[in-house]
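Have a look at data04.txt below; it lists compact mmCIF, C-alpha atoms.
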# COMPACT_ATOMS: atom_id res chain seq x y z
CA MET A 1007 22.65 245.03 77.07
CA GLY A 1008 23.44 241.37 77.44
CA THR A 1009 25.18 241.90 80.75
CA ALA A 1010 22.04 243.49 82.13
CA LEU A 1011 19.87 240.40 81.67
CA HIS A 1012 20.23 237.16 83.58
CA GLU A 1013 18.54 233.97 82.45
CA THR A 1014 17.64 231.49 85.16
CA ASN A 1015 17.35 227.71 84.86
CA ASN A 1016 13.60 227.88 84.22
CA SER A 1017 14.19 230.16 81.22
CA GLU A 1018 12.97 233.30 83.02
CA VAL A 1019 14.95 236.40 82.19
CA HIS A 1020 15.57 238.85 85.02
CA VAL A 1021 16.95 242.35 84.71
CA THR A 1022 20.10 243.09 86.73
CA GLU A 1023 20.76 246.59 85.36
CA PHE A 1024 18.85 249.47 83.88
CA PHE A 1025 20.00 251.61 80.95
CA LEU A 1026 19.28 255.34 81.22
CA LEU A 1027 19.06 256.49 77.62
CA GLY A 1028 18.92 260.21 78.36
CA PHE A 1029 16.53 262.77 76.93
CA PRO A 1030 14.00 261.05 74.62
CA GLY A 1031 14.02 262.14 71.00
CA ILE A 1032 17.29 264.10 71.14
CA HIS A 1033 19.84 261.38 71.91
CA ASP A 1034 22.15 262.45 69.08
CA PHE A 1035 22.77 265.97 70.38
CA GLN A 1036 21.76 265.76 74.03
CA HIS A 1037 25.40 266.19 75.12
CA TRP A 1038 25.02 269.93 74.48
CA ILE A 1039 22.54 270.11 77.36
CA SER A 1040 25.35 269.06 79.70
CA LEU A 1041 26.99 272.50 79.54
CA PRO A 1042 24.13 274.52 81.13
CA MET A 1043 23.40 271.63 83.49
CA ALA A 1044 26.99 271.54 84.73
CA LEU A 1045 26.91 275.32 85.18
CA LEU A 1046 23.67 275.13 87.18
CA TYR A 1047 25.07 272.33 89.35
CA PHE A 1048 28.31 274.13 90.20
CA VAL A 1049 26.38 277.35 90.88
CA ALA A 1050 24.07 275.40 93.19
CA LEU A 1051 26.99 273.87 95.07
CA GLY A 1052 28.99 277.08 95.35
CA ALA A 1053 26.11 279.39 96.24
CA ASN A 1054 24.54 277.07 98.82
CA ILE A 1055 27.89 276.32 100.47
CA LEU A 1056 28.52 280.08 100.64
CA ILE A 1057 25.14 280.60 102.31
CA LEU A 1058 25.89 277.87 104.87
CA ILE A 1059 29.30 279.37 105.66
CA THR A 1060 27.88 282.89 105.92
CA ILE A 1061 25.04 281.90 108.25
CA TYR A 1062 27.46 279.89 110.41
CA CYS A 1063 30.09 282.65 110.65
CA GLU A 1064 27.81 285.67 111.05
CA PRO A 1065 26.16 285.87 114.52
CA ASN A 1066 23.51 288.33 113.29
CA LEU A 1067 22.16 285.58 111.03
CA HIS A 1068 21.65 283.10 113.88
CA GLN A 1069 17.89 283.64 113.69
CA PRO A 1070 15.11 281.17 112.82
CA MET A 1071 14.51 282.71 109.38
CA TYR A 1072 18.15 282.26 108.36
CA GLN A 1073 18.47 278.91 110.13
CA PHE A 1074 15.64 277.60 107.93
CA LEU A 1075 17.44 279.13 104.96
CA GLY A 1076 20.60 277.24 105.92
CA ILE A 1077 18.63 273.99 106.15
CA LEU A 1078 17.12 274.72 102.73
CA ALA A 1079 20.64 275.25 101.34
CA ALA A 1080 21.72 271.85 102.69
CA VAL A 1081 18.63 270.20 101.19
CA ASP A 1082 19.33 271.90 97.84
CA ILE A 1083 22.88 270.51 97.81
CA GLY A 1084 21.53 267.03 98.50
CA LEU A 1085 18.78 267.31 95.88
CA ALA A 1086 21.15 268.47 93.14
CA THR A 1087 23.79 265.87 94.03
CA THR A 1088 21.38 262.91 93.94
CA SER A 1089 20.87 263.24 90.20
CA THR A 1090 23.08 265.78 88.41
CA PRO A 1091 26.42 263.87 88.59
CA LYS A 1092 24.77 260.79 87.08
CA ILE A 1093 23.12 262.87 84.36
CA LEU A 1094 26.45 264.48 83.49
CA ALA A 1095 28.11 261.04 83.43
CA ILE A 1096 25.49 259.88 80.92
CA LEU A 1097 25.93 262.93 78.71
CA TRP A 1098 29.73 263.14 78.93
CA PHE A 1099 30.96 259.56 79.30
CA ASP A 1100 27.99 257.54 78.00
CA ALA A 1101 27.76 255.88 81.44
CA LYS A 1102 24.18 254.76 80.96
CA THR A 1103 24.11 251.63 83.09
CA ILE A 1104 22.86 251.73 86.66
CA SER A 1105 22.34 248.75 88.96
CA LEU A 1106 18.94 248.09 90.47
CA PRO A 1107 20.03 248.95 94.06
CA GLU A 1108 21.59 252.22 92.86
CA CYS A 1109 18.46 253.05 90.90
CA PHE A 1110 16.14 252.38 93.85
CA ALA A 1111 18.46 254.41 96.12
CA GLN A 1112 18.24 257.34 93.71
CA ILE A 1113 14.44 257.09 93.66
CA TYR A 1114 14.40 257.23 97.47
CA ALA A 1115 16.84 260.15 97.66
CA ILE A 1116 14.96 262.24 95.09
CA HIS A 1117 11.60 261.69 96.81
CA THR A 1118 13.06 262.45 100.25
CA PHE A 1119 14.84 265.65 99.22
CA MET A 1120 11.89 266.88 97.15
CA GLY A 1121 9.63 266.36 100.15
CA MET A 1122 12.17 268.06 102.43
CA GLU A 1123 12.30 271.08 100.12
CA SER A 1124 8.53 271.41 100.25
CA GLY A 1125 8.54 270.89 104.01
CA ILE A 1126 11.15 273.58 104.65
CA PHE A 1127 9.18 275.99 102.46
CA LEU A 1128 6.19 275.30 104.72
CA CYS A 1129 8.28 275.93 107.85
CA MET A 1130 9.51 279.21 106.38
CA ALA A 1131 5.94 280.23 105.54
CA ILE A 1132 4.87 279.55 109.14
CA ASP A 1133 7.88 281.52 110.37
CA ARG A 1134 6.87 284.56 108.25
CA TYR A 1135 3.21 284.16 109.29
CA VAL A 1136 4.04 284.34 112.98
CA ALA A 1137 6.57 287.16 112.47
CA ILE A 1138 4.08 289.37 110.60
CA CYS A 1139 0.74 288.44 112.17
CA TYR A 1140 1.98 287.98 115.77
CA PRO A 1141 5.19 290.04 116.02
CA LEU A 1142 5.10 290.40 119.81
CA ARG A 1143 4.78 286.65 120.34
CA TYR A 1144 7.28 285.72 117.62
CA PRO A 1145 10.38 285.44 119.91
CA SER A 1146 8.55 283.09 122.27
CA ILE A 1147 6.96 280.93 119.54
CA VAL A 1148 9.64 280.57 116.86
CA THR A 1149 12.64 279.63 118.96
CA GLU A 1150 15.72 277.52 118.24
CA ALA A 1151 13.87 274.55 119.73
CA PHE A 1152 11.01 275.19 117.29
CA VAL A 1153 13.44 275.16 114.35
CA ILE A 1154 14.97 271.86 115.52
CA LYS A 1155 11.59 270.20 116.12
CA ALA A 1156 10.15 271.40 112.81
CA THR A 1157 13.21 270.22 110.88
CA LEU A 1158 13.24 266.80 112.56
CA THR A 1159 9.51 266.42 111.93
CA MET A 1160 9.99 267.12 108.23
CA LEU A 1161 12.99 264.79 108.08
CA LEU A 1162 11.09 261.92 109.69
CA ARG A 1163 7.97 262.57 107.62
CA ASN A 1164 9.74 262.51 104.28
CA SER A 1165 12.28 259.77 105.02
CA LEU A 1166 9.62 257.39 106.34
CA LEU A 1167 6.84 258.13 103.85
CA SER A 1168 9.26 257.96 100.90
CA MET A 1169 10.61 254.55 101.92
CA PRO A 1170 7.73 252.47 100.43
CA VAL A 1171 8.34 254.00 96.97
CA PRO A 1172 11.65 252.19 96.26
CA VAL A 1173 10.60 249.18 98.35
CA LEU A 1174 7.49 248.65 96.23
CA ALA A 1175 9.52 249.23 93.06
CA ALA A 1176 12.08 246.62 94.16
CA GLN A 1177 9.32 244.05 94.68
CA ARG A 1178 8.25 244.22 91.03
CA GLN A 1179 9.52 241.66 88.49
CA TYR A 1180 11.69 243.09 85.70
CA CYS A 1181 12.00 240.28 83.20
CA SER A 1182 12.55 241.71 79.71
CA ARG A 1183 12.87 245.45 79.08
CA ASN A 1184 15.57 247.40 80.88
CA GLU A 1185 15.89 250.64 78.91
CA ILE A 1186 14.55 253.80 80.56
CA ASP A 1187 14.03 256.79 78.27
CA HIS A 1188 15.12 259.18 80.99
CA CYS A 1189 18.23 260.73 82.54
CA LEU A 1190 17.50 259.49 86.05
CA CYS A 1191 15.59 256.78 87.83
CA SER A 1192 12.07 258.15 87.81
CA ASN A 1193 9.78 255.90 89.82
CA LEU A 1194 7.05 255.88 87.18
CA GLY A 1195 9.63 255.28 84.44
CA VAL A 1196 11.15 252.34 86.30
CA ILE A 1197 7.94 250.57 87.27
CA SER A 1198 6.61 250.93 83.71
CA LEU A 1199 9.22 248.28 82.79
CA ALA A 1200 7.81 245.76 85.27
CA CYS A 1201 6.19 242.56 84.03
CA ASP A 1202 3.65 242.33 86.85
CA ASP A 1203 0.91 244.61 88.18
CA ILE A 1204 2.02 248.11 89.26
CA THR A 1205 -1.33 249.42 90.52
CA VAL A 1206 -0.11 249.61 94.12
CA ASN A 1207 2.99 251.54 93.04
CA ARG A 1208 1.00 254.09 91.05
CA ASP A 1209 -1.59 254.53 93.79
CA TYR A 1210 1.03 255.07 96.48
CA GLN A 1211 2.95 257.52 94.27
CA LEU A 1212 -0.22 259.57 93.75
CA THR A 1213 -1.19 259.40 97.42
CA LEU A 1214 2.29 260.42 98.52
CA ALA A 1215 2.35 263.38 96.14
CA TRP A 1216 -1.00 264.67 97.38
CA PHE A 1217 -0.25 263.99 101.05
CA ILE A 1218 3.15 265.72 101.11
CA LEU A 1219 3.28 268.25 98.29
CA GLY A 1220 -0.47 268.85 98.13
CA ILE A 1221 -0.96 269.48 101.84
CA ASP A 1222 2.22 271.58 102.04
CA MET A 1223 1.07 273.71 99.10
CA ILE A 1224 -2.37 274.26 100.65
CA LEU A 1225 -0.89 275.24 104.04
CA VAL A 1226 1.63 277.58 102.40
CA CYS A 1227 -1.17 279.26 100.42
CA VAL A 1228 -3.27 279.64 103.58
CA SER A 1229 -0.29 281.11 105.46
CA TYR A 1230 0.35 283.72 102.80
CA ALA A 1231 -3.34 284.52 102.43
CA LEU A 1232 -3.42 285.29 106.16
CA ILE A 1233 -0.18 287.28 105.85
CA ILE A 1234 -1.56 289.38 102.99
CA ARG A 1235 -4.82 289.97 104.86
CA SER A 1236 -2.91 291.09 107.96
CA VAL A 1237 -0.58 293.34 105.95
CA LEU A 1238 -3.43 295.06 104.10
CA ARG A 1239 -4.95 296.04 107.44
CA LEU A 1240 -1.89 298.14 108.28
CA ASN A 1241 -2.41 301.88 108.02
CA SER A 1242 1.13 302.83 107.06
CA THR A 1243 2.34 302.35 103.48
CA GLU A 1244 5.89 302.06 104.79
CA ALA A 1245 4.84 299.30 107.21
CA ILE A 1246 3.13 297.42 104.38
CA SER A 1247 6.22 297.69 102.18
CA LYS A 1248 8.51 296.53 105.00
CA ALA A 1249 6.27 293.58 105.87
CA LEU A 1250 6.04 292.39 102.27
CA SER A 1251 9.78 292.80 101.68
CA THR A 1252 10.57 290.38 104.51
CA CYS A 1253 8.83 287.52 102.71
CA SER A 1254 9.06 288.53 99.03
CA SER A 1255 12.08 286.29 98.33
CA HIS A 1256 10.37 283.32 99.93
CA LEU A 1257 7.14 283.97 98.03
CA ILE A 1258 8.96 284.14 94.67
CA LEU A 1259 10.64 280.76 95.25
CA ILE A 1260 7.45 279.13 96.52
CA LEU A 1261 5.49 280.28 93.47
CA PHE A 1262 8.19 278.91 91.16
CA TYR A 1263 8.50 275.60 93.04
CA TYR A 1264 4.79 274.71 93.25
CA THR A 1265 3.93 276.13 89.82
CA ALA A 1266 6.63 273.89 88.34
CA ILE A 1267 5.14 270.88 90.15
CA VAL A 1268 1.67 271.60 88.78
CA ILE A 1269 3.03 272.06 85.24
CA LEU A 1270 5.08 268.87 85.56
CA SER A 1271 2.01 266.93 86.69
CA VAL A 1272 -0.04 268.23 83.76
CA THR A 1273 2.67 267.50 81.18
CA HIS A 1274 2.93 263.90 82.40
CA LEU A 1275 -0.60 263.41 81.05
CA ALA A 1276 0.70 264.29 77.57
CA GLY A 1277 3.97 262.43 78.06
CA ARG A 1278 3.17 259.71 75.54
CA ARG A 1279 2.75 262.24 72.74
CA VAL A 1280 5.79 264.37 73.55
CA PRO A 1281 7.93 262.33 76.01
CA LEU A 1282 10.77 264.88 76.00
CA ILE A 1283 8.73 267.57 77.76
CA PRO A 1284 7.97 265.78 81.07
CA VAL A 1285 11.50 264.35 81.21
CA LEU A 1286 13.08 267.75 80.61
CA LEU A 1287 10.81 269.48 83.12
CA ASN A 1288 11.49 266.73 85.66
CA VAL A 1289 15.24 267.24 85.34
CA LEU A 1290 14.97 271.04 85.39
CA HIS A 1291 12.78 270.92 88.49
CA ILE A 1292 15.56 269.08 90.28
CA VAL A 1293 18.43 271.22 88.96
CA ILE A 1294 17.03 274.77 88.81
CA PRO A 1295 15.63 275.31 92.37
CA PRO A 1296 18.96 274.49 94.12
CA SER A 1297 20.71 277.11 91.97
CA LEU A 1298 17.84 279.63 91.97
CA ASN A 1299 17.08 279.64 95.70
CA PRO A 1300 20.41 281.05 96.94
CA MET A 1301 20.57 283.57 94.09
CA VAL A 1302 17.16 285.05 94.93
CA TYR A 1303 17.92 285.23 98.65
CA ALA A 1304 21.37 286.73 98.03
CA LEU A 1305 19.95 289.44 95.76
CA ARG A 1306 16.88 290.35 97.83
CA THR A 1307 17.95 289.92 101.48
CA GLN A 1308 19.97 292.84 102.84
CA GLU A 1309 21.15 291.02 105.97
CA LEU A 1310 22.53 288.20 103.85
CA LYS A 1311 24.34 290.67 101.58
CA VAL A 1312 26.01 292.23 104.63
CA GLY A 1313 26.94 288.76 105.88
CA PHE A 1314 28.54 287.90 102.53
CA GLN A 1315 30.59 291.08 102.65
CA LYS A 1316 31.80 290.36 106.19
CA VAL A 1317 32.79 286.80 105.28
CA PHE A 1318 34.67 287.95 102.18
CA VAL A 1319 36.41 290.77 104.08
CA LEU A 1320 37.42 288.39 106.89
CA GLY A 1321 38.70 285.84 104.39
CA ASP A 1322 40.71 288.52 102.60
CA TYR A 1323 42.14 289.72 105.91
CA VAL A 1324 43.15 286.19 107.00
CA SER A 1325 44.80 285.47 103.61
CA ARG A 1326 46.82 288.67 103.78
CA LYS A 1327 47.89 288.00 107.35
Will you turn the file into structure tokens for me?
Amino acid sequence: MGTALHETNNSEVHVTEFFLLGFPGIHDFQHWISLPMALLYFVALGANILILITIYCEPNLHQPMYQFLGILAAVDIGLATTSTPKILAILWFDAKTISLPECFAQIYAIHTFMGMESGIFLCMAIDRYVAICYPLRYPSIVTEAFVIKATLTMLLRNSLLSMPVPVLAAQRQYCSRNEIDHCLCSNLGVISLACDDITVNRDYQLTLAWFILGIDMILVCVSYALIIRSVLRLNSTEAISKALSTCSSHLILILFYYTAIVILSVTHLAGRRVPLIPVLLNVLHIVIPPSLNPMVYALRTQELKVGFQKVFVLGDYVSRK
């Protein structure tokens, strides 16, 4: 730890590195957690890359619904990669040190990708709302230009609004403690080590969470409430079943994503009593969705299944030739 502290001429000690200790309370056998985490990470990479390749190669999937799915796959790869390799390095190689710039960069990346995930879920909810409630106007409303504009809007929103989080964290003074009882650079975990006032940091973190995730969650719920109301007005049972099947995969993932956020927020209130629970849920909320999203879509979307088959058949044909 001595290399992580720097003493200046006026006897002030400044932190130059943080130490990520891993999962609190289970340090002695936490390396066993690395096995399922590595499996989830490689599944996330492989499945999302396969989805991107399939959507790119199959012309029938060049539709807004699948274009948003491809963007979600890219976001999932980024989200998983911002944290999982470092966590595995801690668990496998005891590589616990992380420099302050690297730590602040990880904070920014996690906040940006988490916000992007929520934003793309919102875009997909709007896409399904227009497709089901206004089917005749859908081709003229949800166009390729709409997909591009919506994606750029979400990218700018999350990249700009997430920027003050690491900037404010970097402005704090870290003068004594440098051990974080976590597997990654959590903003609240990092600023809790600061020697000066962190009120601004906490307030902005809370405001950002409500402004991005809170508003997205409300709009998604409103979209699906309107979808369900419109579907229930249909006279045909077959039409109702078909309408619900087009958005069932999306609804499953949205319920998991936002339910996990609510649970994570609640468990943070009890974090001092059982610190392992919020840390574990925080890590799982970053690792599980990137691996779960492509699996649910692959199992429940017929067009995507057909696309997978065509890609595999073409690859087999090319390899034989």
Give me, as JSON lines, the closest atom pair and its distance (Å, one decimal) for every residue of range 1023-1136 of chain A within a cut-off of 8 Å of range 1253-1264 of chain A, counting only C-alpha atoms, rows sorted by chain and rising number.
{"residue": "A:Phe1127", "atom": "CA", "partner": "A:Ile1260", "partner_atom": "CA", "distance": 6.9}
{"residue": "A:Met1130", "atom": "CA", "partner": "A:His1256", "partner_atom": "CA", "distance": 7.7}
{"residue": "A:Ala1131", "atom": "CA", "partner": "A:His1256", "partner_atom": "CA", "distance": 7.8}
{"residue": "A:Arg1134", "atom": "CA", "partner": "A:Cys1253", "partner_atom": "CA", "distance": 6.6}
If we count all atoms listed in the file, what is near Val1173 in chain A at a cut-off of 12 Å, once residues fewer than 2 positions away on the same chain are taken out, given as an mmCIF file with C-alpha atoms, in the coordinates of the input?
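Ended up saving to result-v1.cif:
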data_model
loop_
_atom_site.group_PDB
_atom_site.id
_atom_site.type_symbol
_atom_site.label_atom_id
_atom_site.label_comp_id
_atom_site.auth_asym_id
_atom_site.auth_seq_id
_atom_site.Cartn_x
_atom_site.Cartn_y
_atom_site.Cartn_z
ATOM 1 C CA LEU A 1106 18.940 248.090 90.470
ATOM 2 C CA PRO A 1107 20.030 248.950 94.060
ATOM 3 C CA CYS A 1109 18.460 253.050 90.900
ATOM 4 C CA PHE A 1110 16.140 252.380 93.850
ATOM 5 C CA ALA A 1111 18.460 254.410 96.120
ATOM 6 C CA ILE A 1113 14.440 257.090 93.660
ATOM 7 C CA TYR A 1114 14.400 257.230 97.470
ATOM 8 C CA LEU A 1166 9.620 257.390 106.340
ATOM 9 C CA LEU A 1167 6.840 258.130 103.850
ATOM 10 C CA SER A 1168 9.260 257.960 100.900
ATOM 11 C CA MET A 1169 10.610 254.550 101.920
ATOM 12 C CA PRO A 1170 7.730 252.470 100.430
ATOM 13 C CA VAL A 1171 8.340 254.000 96.970
ATOM 14 C CA ALA A 1175 9.520 249.230 93.060
ATOM 15 C CA ALA A 1176 12.080 246.620 94.160
ATOM 16 C CA GLN A 1177 9.320 244.050 94.680
ATOM 17 C CA ARG A 1178 8.250 244.220 91.030
ATOM 18 C CA ASN A 1193 9.780 255.900 89.820
ATOM 19 C CA ILE A 1197 7.940 250.570 87.270
ATOM 20 C CA VAL A 1206 -0.110 249.610 94.120
ATOM 21 C CA ASN A 1207 2.990 251.540 93.040
ATOM 22 C CA TYR A 1210 1.030 255.070 96.480
#
* Can you list, as a PyMOL selection string, every protein, DNA or RNA residue that comes within 10 Å of Ala1266 in chain A when you count only C-alpha atoms, leaving out same-chain residues fewer than 5 positions away? -> chain A and resi 1260-1261+1271-1272+1287-1288+1290-1291+1295
Closest pair table for range 1127-1170 of chain A residues within 7 Å of range 1064-1079 of chain A, only C-alpha atoms, as JSON lines:
{"residue": "A:Met1130", "atom": "CA", "partner": "A:Phe1074", "partner_atom": "CA", "distance": 6.5}
{"residue": "A:Asp1133", "atom": "CA", "partner": "A:Met1071", "partner_atom": "CA", "distance": 6.8}
{"residue": "A:Val1148", "atom": "CA", "partner": "A:Pro1070", "partner_atom": "CA", "distance": 6.8}
{"residue": "A:Thr1149", "atom": "CA", "partner": "A:Pro1070", "partner_atom": "CA", "distance": 6.8}
{"residue": "A:Glu1150", "atom": "CA", "partner": "A:Pro1070", "partner_atom": "CA", "distance": 6.6}
{"residue": "A:Val1153", "atom": "CA", "partner": "A:Pro1070", "partner_atom": "CA", "distance": 6.4}
Tell me, counting all atoms listed in the file, for each residue of range 1107-1218 of chain A within 10 Å of range 1020-1035 of chain A, which pair of atoms is nearest and how far apart they are in Å to one decimal, in rows ordered by chain and increasing number, as JSON lines.
{"residue": "A:Pro1107", "atom": "CA", "partner": "A:Glu1023", "partner_atom": "CA", "distance": 9.0}
{"residue": "A:Glu1108", "atom": "CA", "partner": "A:Glu1023", "partner_atom": "CA", "distance": 9.4}
{"residue": "A:Cys1109", "atom": "CA", "partner": "A:Phe1024", "partner_atom": "CA", "distance": 7.9}
{"residue": "A:Gln1179", "atom": "CA", "partner": "A:His1020", "partner_atom": "CA", "distance": 7.5}
{"residue": "A:Tyr1180", "atom": "CA", "partner": "A:Val1021", "partner_atom": "CA", "distance": 5.4}
{"residue": "A:Cys1181", "atom": "CA", "partner": "A:His1020", "partner_atom": "CA", "distance": 4.3}
{"residue": "A:Ser1182", "atom": "CA", "partner": "A:Val1021", "partner_atom": "CA", "distance": 6.7}
{"residue": "A:Arg1183", "atom": "CA", "partner": "A:Val1021", "partner_atom": "CA", "distance": 7.6}
{"residue": "A:Asn1184", "atom": "CA", "partner": "A:Phe1024", "partner_atom": "CA", "distance": 4.9}
{"residue": "A:Glu1185", "atom": "CA", "partner": "A:Phe1025", "partner_atom": "CA", "distance": 4.7}
{"residue": "A:Ile1186", "atom": "CA", "partner": "A:Leu1026", "partner_atom": "CA", "distance": 5.0}
{"residue": "A:Asp1187", "atom": "CA", "partner": "A:Leu1027", "partner_atom": "CA", "distance": 5.1}
{"residue": "A:His1188", "atom": "CA", "partner": "A:Gly1028", "partner_atom": "CA", "distance": 4.7}
{"residue": "A:Cys1189", "atom": "CA", "partner": "A:Gly1028", "partner_atom": "CA", "distance": 4.3}
{"residue": "A:Leu1190", "atom": "CA", "partner": "A:Leu1026", "partner_atom": "CA", "distance": 6.6}
{"residue": "A:Cys1191", "atom": "CA", "partner": "A:Leu1026", "partner_atom": "CA", "distance": 7.7}
{"residue": "A:Val1196", "atom": "CA", "partner": "A:Phe1024", "partner_atom": "CA", "distance": 8.6}
{"residue": "A:Leu1199", "atom": "CA", "partner": "A:Phe1024", "partner_atom": "CA", "distance": 9.8}
{"residue": "A:Ala1200", "atom": "CA", "partner": "A:Val1021", "partner_atom": "CA", "distance": 9.8}
Let me have the centre and edge lengths in Å, one decimal, of the box along x, y and z around every listed atom of range 1199-1211 of chain A with 3 Å of margin on each side, as AutoDock Vina command-line options.
--center_x 3.8 --center_y 249.9 --center_z 89.6 --size_x 16.8 --size_y 21.2 --size_z 19.7
